[in-house]
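Q: Here you go, entry-v1.cif (mmCIF, C-alpha atoms):
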data_my_file
loop_
_atom_site.label_atom_id
_atom_site.label_comp_id
_atom_site.auth_asym_id
_atom_site.auth_seq_id
_atom_site.Cartn_x
_atom_site.Cartn_y
_atom_site.Cartn_z
CA MET A 318 -98.58 71.84 10.25
CA ARG A 319 -95.44 72.74 8.30
CA ASP A 320 -93.25 70.74 10.74
CA LYS A 321 -95.54 67.74 10.32
CA LYS A 322 -95.19 67.82 6.50
CA PHE A 323 -91.42 68.19 6.81
CA PHE A 324 -91.24 65.24 9.21
CA LYS A 325 -93.38 63.09 6.88
CA SER A 326 -91.14 63.99 3.92
CA ILE A 327 -87.98 63.04 5.83
CA LEU A 328 -89.59 59.79 6.99
CA LEU A 329 -90.60 58.95 3.40
CA ILE A 330 -87.05 59.59 2.11
CA ILE A 331 -85.52 57.42 4.85
CA SER A 332 -88.04 54.64 4.12
CA ILE A 333 -87.25 54.69 0.40
CA ILE A 334 -83.51 54.53 1.11
CA LEU A 335 -83.96 51.61 3.51
CA ILE A 336 -86.23 49.68 1.16
CA THR A 337 -83.98 50.09 -1.87
CA SER A 338 -80.80 49.30 0.04
CA CYS A 339 -82.31 46.12 1.51
CA SER A 340 -83.75 44.87 -1.75
CA GLN A 341 -80.66 45.39 -3.87
CA LYS A 342 -78.81 42.20 -4.67
CA SER A 343 -75.51 42.01 -6.38
CA SER A 344 -75.89 42.46 -10.10
CA MET A 345 -72.91 40.14 -10.58
CA LYS A 346 -73.89 36.74 -11.96
CA PRO A 347 -71.76 33.60 -12.29
CA GLU A 348 -72.42 33.57 -16.05
CA ASP A 349 -70.56 36.90 -16.32
CA PHE A 350 -67.33 34.89 -15.99
CA LYS A 351 -68.04 32.04 -18.44
CA ASN A 352 -65.31 32.90 -20.96
CA LYS A 353 -62.63 33.99 -18.50
CA GLU A 354 -59.54 32.14 -17.32
CA PRO A 355 -58.18 30.42 -15.33
CA ARG A 356 -61.11 27.99 -15.04
CA LEU A 357 -62.01 27.04 -11.48
CA ILE A 358 -63.22 23.45 -11.35
CA ILE A 359 -64.07 23.35 -7.67
CA GLU A 360 -63.85 19.56 -7.28
CA GLU A 361 -60.32 19.60 -8.69
CA TYR A 362 -59.13 22.66 -6.80
CA LEU A 363 -60.43 21.45 -3.42
CA SER A 364 -59.24 17.84 -3.84
CA GLY A 365 -56.27 17.14 -1.60
CA ASN A 366 -54.91 19.62 0.93
CA VAL A 367 -55.69 23.33 0.86
CA LYS A 368 -54.68 25.92 3.48
CA ALA A 369 -56.75 29.04 4.13
CA TRP A 370 -56.52 32.28 6.08
CA GLY A 371 -59.36 34.71 6.61
CA VAL A 372 -60.89 37.66 8.37
CA LEU A 373 -64.46 38.23 9.52
CA GLN A 374 -65.74 41.79 9.42
CA ASN A 375 -68.89 43.13 11.03
CA ARG A 376 -71.35 45.25 9.05
CA SER A 377 -69.29 48.37 9.82
CA GLY A 378 -66.19 46.81 8.27
CA LYS A 379 -64.36 46.23 11.56
CA VAL A 380 -62.36 42.99 11.68
CA THR A 381 -63.85 41.01 14.57
CA ARG A 382 -62.15 37.62 14.13
CA GLN A 383 -59.38 35.95 12.17
CA PHE A 384 -58.71 32.31 11.39
CA SER A 385 -56.54 29.80 9.63
CA ALA A 386 -58.03 26.63 8.20
CA ASP A 387 -57.06 23.25 6.83
CA LEU A 388 -59.24 21.76 4.10
CA ASN A 389 -59.03 18.27 2.72
CA GLY A 390 -61.15 17.16 -0.20
CA ASN A 391 -61.81 13.81 -1.82
CA TRP A 392 -63.49 13.67 -5.26
CA ASP A 393 -65.04 10.33 -6.27
CA GLY A 394 -66.11 11.34 -9.77
CA LYS A 395 -69.57 12.58 -8.73
CA ARG A 396 -69.27 13.98 -5.21
CA LEU A 397 -66.67 16.01 -3.35
CA ILE A 398 -66.33 15.27 0.36
CA LEU A 399 -64.64 18.33 1.87
CA ASP A 400 -63.45 18.33 5.49
CA GLU A 401 -62.79 21.79 6.93
CA LYS A 402 -61.07 22.65 10.21
CA PHE A 403 -61.07 26.30 11.28
CA ASN A 404 -58.70 27.59 13.97
CA TRP A 405 -60.09 30.93 15.16
CA ASP A 406 -57.87 33.54 16.81
CA ASP A 407 -59.91 33.33 20.04
CA GLY A 408 -59.09 29.62 20.41
CA GLU A 409 -62.33 28.23 19.01
CA ILE A 410 -61.94 25.24 16.71
CA GLN A 411 -64.73 24.60 14.25
CA THR A 412 -65.16 21.69 11.85
CA ARG A 413 -67.52 21.09 8.95
CA GLN A 414 -67.88 18.37 6.36
CA TRP A 415 -69.36 19.35 3.02
CA GLN A 416 -70.80 16.89 0.53
CA ILE A 417 -70.87 18.68 -2.80
CA THR A 418 -72.48 16.92 -5.77
CA LYS A 419 -71.83 17.98 -9.34
CA ILE A 420 -75.11 18.16 -11.29
CA ASP A 421 -73.62 19.23 -14.63
CA GLU A 422 -70.73 21.35 -15.93
CA ASN A 423 -71.95 24.50 -14.17
CA ASN A 424 -74.27 23.44 -11.34
CA TYR A 425 -73.70 21.88 -7.93
CA VAL A 426 -75.63 21.15 -4.74
CA GLY A 427 -74.10 20.76 -1.33
CA THR A 428 -74.98 19.77 2.20
CA ALA A 429 -73.30 19.99 5.59
CA GLY A 430 -74.45 19.36 9.15
CA ASP A 431 -74.94 23.05 9.94
CA VAL A 432 -76.41 24.04 6.55
CA VAL A 433 -80.18 24.46 6.32
CA GLY A 434 -81.43 22.53 3.28
CA GLU A 435 -79.14 22.46 0.26
CA ALA A 436 -76.48 24.87 -0.88
CA LYS A 437 -76.60 25.81 -4.55
CA GLY A 438 -73.36 26.20 -6.48
CA TYR A 439 -72.63 27.74 -9.87
CA SER A 440 -69.31 27.47 -11.70
CA TYR A 441 -68.25 29.62 -14.67
CA GLY A 442 -64.70 30.48 -15.71
CA PRO A 443 -62.61 31.41 -12.65
CA ALA A 444 -65.70 31.97 -10.45
CA PHE A 445 -67.64 29.66 -8.16
CA LYS A 446 -70.75 31.04 -6.41
CA PHE A 447 -72.19 29.17 -3.45
CA GLU A 448 -75.49 30.21 -1.83
CA TYR A 449 -76.66 28.67 1.42
CA VAL A 450 -78.13 29.25 4.88
CA LEU A 451 -75.81 28.37 7.75
CA LEU A 452 -76.74 27.83 11.41
CA VAL A 453 -74.30 30.14 13.18
CA PRO A 454 -73.93 29.89 16.97
CA VAL A 455 -74.60 33.28 18.57
CA LYS A 456 -74.78 33.55 22.38
CA GLY A 457 -75.79 29.92 22.79
CA LYS A 458 -78.40 29.91 20.03
CA ALA A 459 -78.24 28.84 16.38
CA MET A 460 -79.03 31.78 14.12
CA LYS A 461 -79.86 31.26 10.43
CA ILE A 462 -77.50 33.41 8.32
CA SER A 463 -77.65 33.52 4.51
CA PHE A 464 -74.29 33.27 2.75
CA ASP A 465 -73.53 34.63 -0.71
CA ASP A 466 -70.11 33.07 -1.30
CA TRP A 467 -67.86 33.88 -4.29
CA ILE A 468 -64.56 32.08 -4.89
CA PHE A 469 -62.22 33.35 -7.63
CA LYS A 470 -59.29 31.27 -8.84
CA GLN A 471 -56.14 33.35 -9.28
CA ASP A 472 -53.76 30.66 -10.53
CA ASP A 473 -53.15 26.92 -9.98
CA ARG A 474 -52.48 27.41 -6.26
CA VAL A 475 -54.35 30.54 -5.08
CA ALA A 476 -58.05 31.37 -4.86
CA ILE A 477 -59.77 34.26 -3.08
CA ASN A 478 -63.16 33.94 -1.38
CA ARG A 479 -65.50 36.80 -0.54
CA ALA A 480 -68.70 36.00 1.35
CA THR A 481 -71.50 38.35 2.29
CA MET A 482 -73.67 37.28 5.21
CA THR A 483 -77.21 38.55 5.56
CA LYS A 484 -80.14 38.22 7.94
CA PHE A 485 -83.62 39.34 6.79
CA GLY A 486 -81.93 40.93 3.75
CA PHE A 487 -79.59 43.05 5.87
CA ARG A 488 -75.82 42.61 5.57
CA VAL A 489 -74.53 41.53 8.97
CA ALA A 490 -70.94 40.53 8.16
CA GLU A 491 -68.41 39.80 5.43
CA LEU A 492 -65.75 37.15 5.20
CA THR A 493 -62.56 37.33 3.14
CA VAL A 494 -60.50 34.17 2.67
CA VAL A 495 -57.31 33.32 0.79
CA PHE A 496 -56.89 29.66 -0.23
CA VAL A 497 -53.51 28.15 -1.09
CA LYS A 498 -53.42 24.64 -2.54
CA ASP A 499 -50.50 22.40 -1.47
#
Please re-express this file's structure in structure tokens.

A:
Amino acid sequence: MRDKKFFKSILLIISIILITSCSQKSSMKPEDFKNKEPRLIIEEYLSGNVKAWGVLQNRSGKVTRQFSADLNGNWDGKRLILDEKFNWDDGEIQTRQWQITKIDENNYVGTAGDVVGEAKGYSYGPAFKFEYVLLVPVKGKAMKISFDDWIFKQDDRVAINRATMTKFGFRVAELTVVFVKD
């Protein structure tokens, strides 16, 4: 009887830890950066040629892949067309074309061929937050992975991107990218 109560207590503690760790979202909000500099205006920063280098880490923090990328953006006054070409260290080449529409000074929506629905973007100060669900190929199948993407402008040429990828609320990977504008 005593062992049963002990086991139930341990199970309850583990359940509480799992529930609270899964339900916690970042308390950081785009608005937290509204009065900070330098201002990242995403359609200006990504217009023209931008180079990028990044690492993909699994949920344990182990680097599993690396890449370099070439980005080329064209802003027409309302919409940014952004072509991305990723060169992964295992030889895979991946391309994506984003169409990002500016709604107002702080809000954006975006689409791409492998994005489910619309991405939502928020721009304040040096920060740009992009939330979307991406179809990621895993063992021949397309898996829906949620991205919580943060880009921070460092100066006129450099920006740093940190993305957290989740599935069913669980963190499955993280991506760190450095952008350098030509």

Q: Looking at all atoms listed in the file, which of A:Glu435, A:Glu491, A:Glu354, A:Glu409 is the one that sits closest to Pro454 (chain A)?

A: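 Checking each of A:Glu435, A:Glu491, A:Glu354, A:Glu409 against Pro454 (chain A), counting all atoms listed in the file, the winner is A:Glu409.
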
Q: Could you tell me how far CA of Gln411 (chain A) lies from CA of Lys458 (chain A), in Å and to one decimal?

A: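 It comes out at 15.8 Å.
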
Q: Go through A:Gly442, A:Gly371, A:Gly486, A:Pro355 and flag the residue nearest Phe403 (chain A), using all atoms listed in the file for the distances.

A: A:Gly371

Q: Restricting the calculation to only C-alpha atoms: of A:Ile462, A:Ile417, A:Ala369, A:Val475, which residue gets closest to Gln383 (chain A)?

A: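 Using only C-alpha atoms, Gln383 (chain A) sits closest to A:Ala369.
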
Q: Return as a PyMOL selection string the set of residues that the PyMOL selection byres ((chain A and resi 402) around 7) yields on the displayed structure.

A: chain A and resi 386-388+400-401+403-404+411-413

Q: Name the residues captured by the PyMOL selection byres ((chain A and resi 419) around 9) when it is applied to the shown file; answer as a list in words.

A: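 Applying the PyMOL selection byres ((chain A and resi 419) around 9) to the structure shown produces Glu360, Gly394, Lys395, Arg396, Leu397, Ile417, Thr418, Ile420, Asp421, Glu422, Asn423, Asn424, Tyr425, Val426, Gly427 and Gly438 of chain A.
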
Q: Could you work out how far CA of Leu357 (chain A) lies from CA of Val495 (chain A), giving the answer in Å with one decimal?

A: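 It comes out at 14.6 Å.
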
Q: What's around Val432 (chain A) at 8 Å? Count all atoms listed in the file, leave out sequence neighbours fewer than 3 positions away in its own chain, and write the answer as a list in words.

A: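 Non-adjacent residues within range: Thr428, Ala429, Glu435, Ala436, Tyr449, Val450, Leu451 and Leu452 of chain A.
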
Q: Around (-56.1, 32.4, -7.6), as given in the file, which residues come within 9 Å? Count only C-alpha atoms and list them as a PyMOL selection string.

A: chain A and resi 355+357+443+468-477+495-497

Q: When distances are computed from all atoms listed in the file, which of A:Ser440, A:Thr483, A:Ser344, A:Ser385 shows the smallest separation from Val372 (chain A)?

A: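 Nearest candidate to Val372 (chain A) out of A:Ser440, A:Thr483, A:Ser344, A:Ser385: A:Ser385.
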
Q: Pick the closest to Trp467 (chain A) from A:Arg382, A:Arg479, A:Lys368, A:Lys353: which is it, counting all atoms listed in the file?

A: A:Arg479

Q: So how many Å separate CA of Leu373 (chain A) and CA of Ile398 (chain A), to one decimal?

A: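 According to the coordinates, CA of Leu373 (chain A) and CA of Ile398 (chain A) are separated by 24.8 Å.
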
Q: Smallest atom-to-atom distance to Trp392 (chain A): which of A:Val455, A:Ile410, A:Ala444, A:Ile358, using only C-alpha atoms?

A: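 Going through A:Val455, A:Ile410, A:Ala444, A:Ile358 one by one, the smallest distance to Trp392 (chain A) is for A:Ile358.
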
Q: Once the PyMOL selection byres ((chain A and resi 490) around 8) has been applied to the shown file, what residues remain in the selection, as an MDAnalysis selection string?

A: chainID A and resid 373:376 378 481:483 488:489 491:492

Q: Write region 432-466 of chain A as a short mmCIF file (atom, residue, chain, number, x, y, z; two decimals), keeping the file's coordinate frame, completed to N, CA and C atoms.

A:
data_model
loop_
_atom_site.label_atom_id
_atom_site.label_comp_id
_atom_site.auth_asym_id
_atom_site.auth_seq_id
_atom_site.Cartn_x
_atom_site.Cartn_y
_atom_site.Cartn_z
N VAL A 432 -75.79 23.33 7.66
CA VAL A 432 -76.41 24.04 6.55
C VAL A 432 -77.89 23.67 6.51
N VAL A 433 -78.74 24.67 6.40
CA VAL A 433 -80.18 24.46 6.32
C VAL A 433 -80.52 24.11 4.86
N GLY A 434 -81.08 22.94 4.64
CA GLY A 434 -81.43 22.53 3.28
C GLY A 434 -80.18 22.28 2.44
N GLU A 435 -80.25 22.67 1.17
CA GLU A 435 -79.14 22.46 0.26
C GLU A 435 -78.51 23.78 -0.15
N ALA A 436 -77.19 23.75 -0.29
CA ALA A 436 -76.48 24.87 -0.88
C ALA A 436 -76.56 24.72 -2.39
N LYS A 437 -76.60 25.84 -3.09
CA LYS A 437 -76.60 25.81 -4.55
C LYS A 437 -75.31 26.44 -5.04
N GLY A 438 -74.63 25.72 -5.95
CA GLY A 438 -73.36 26.20 -6.48
C GLY A 438 -73.42 26.39 -7.97
N TYR A 439 -72.68 27.41 -8.45
CA TYR A 439 -72.63 27.74 -9.87
C TYR A 439 -71.18 28.01 -10.24
N SER A 440 -70.71 27.36 -11.30
CA SER A 440 -69.31 27.47 -11.70
C SER A 440 -69.19 27.94 -13.15
N TYR A 441 -68.51 29.07 -13.34
CA TYR A 441 -68.25 29.62 -14.67
C TYR A 441 -66.87 30.26 -14.65
N GLY A 442 -66.03 29.89 -15.62
CA GLY A 442 -64.70 30.48 -15.71
C GLY A 442 -63.95 30.36 -14.39
N PRO A 443 -63.37 31.46 -13.91
CA PRO A 443 -62.61 31.41 -12.65
C PRO A 443 -63.48 31.55 -11.40
N ALA A 444 -64.81 31.67 -11.57
CA ALA A 444 -65.70 31.97 -10.45
C ALA A 444 -66.55 30.78 -10.04
N PHE A 445 -66.71 30.64 -8.73
CA PHE A 445 -67.64 29.66 -8.16
C PHE A 445 -68.49 30.40 -7.14
N LYS A 446 -69.81 30.39 -7.34
CA LYS A 446 -70.75 31.04 -6.41
C LYS A 446 -71.47 29.96 -5.64
N PHE A 447 -71.54 30.13 -4.33
CA PHE A 447 -72.19 29.17 -3.45
C PHE A 447 -73.18 29.94 -2.59
N GLU A 448 -74.44 29.56 -2.62
CA GLU A 448 -75.49 30.21 -1.83
C GLU A 448 -76.07 29.20 -0.86
N TYR A 449 -76.14 29.58 0.42
CA TYR A 449 -76.66 28.67 1.42
C TYR A 449 -77.04 29.41 2.69
N VAL A 450 -77.77 28.73 3.56
CA VAL A 450 -78.13 29.25 4.88
C VAL A 450 -77.39 28.40 5.89
N LEU A 451 -76.63 29.06 6.75
CA LEU A 451 -75.81 28.37 7.75
C LEU A 451 -76.35 28.66 9.14
N LEU A 452 -76.38 27.63 10.00
CA LEU A 452 -76.74 27.83 11.41
C LEU A 452 -75.49 28.29 12.13
N VAL A 453 -75.48 29.55 12.54
CA VAL A 453 -74.30 30.14 13.18
C VAL A 453 -74.59 30.30 14.67
N PRO A 454 -73.69 29.74 15.53
CA PRO A 454 -73.93 29.89 16.97
C PRO A 454 -73.67 31.33 17.42
N VAL A 455 -74.70 31.92 18.04
CA VAL A 455 -74.60 33.28 18.57
C VAL A 455 -75.19 33.28 19.97
N LYS A 456 -74.34 33.49 20.98
CA LYS A 456 -74.78 33.55 22.38
C LYS A 456 -75.62 32.34 22.77
N GLY A 457 -75.14 31.16 22.40
CA GLY A 457 -75.79 29.92 22.79
C GLY A 457 -76.97 29.49 21.94
N LYS A 458 -77.29 30.27 20.91
CA LYS A 458 -78.40 29.91 20.03
C LYS A 458 -77.89 29.80 18.60
N ALA A 459 -78.58 28.99 17.79
CA ALA A 459 -78.24 28.84 16.38
C ALA A 459 -79.07 29.83 15.57
N MET A 460 -78.37 30.77 14.93
CA MET A 460 -79.03 31.78 14.12
C MET A 460 -78.85 31.43 12.64
N LYS A 461 -79.92 31.53 11.86
CA LYS A 461 -79.86 31.26 10.43
C LYS A 461 -79.31 32.50 9.71
N ILE A 462 -78.15 32.32 9.06
CA ILE A 462 -77.50 33.41 8.32
C ILE A 462 -77.36 32.97 6.87
N SER A 463 -77.79 33.81 5.95
CA SER A 463 -77.65 33.52 4.51
C SER A 463 -76.26 33.93 4.04
N PHE A 464 -75.62 33.03 3.30
CA PHE A 464 -74.29 33.27 2.75
C PHE A 464 -74.37 33.41 1.24
N ASP A 465 -73.72 34.43 0.73
CA ASP A 465 -73.53 34.63 -0.71
C ASP A 465 -72.02 34.58 -0.90
N ASP A 466 -71.54 33.42 -1.28
CA ASP A 466 -70.11 33.07 -1.30
C ASP A 466 -69.58 33.11 -2.73
#
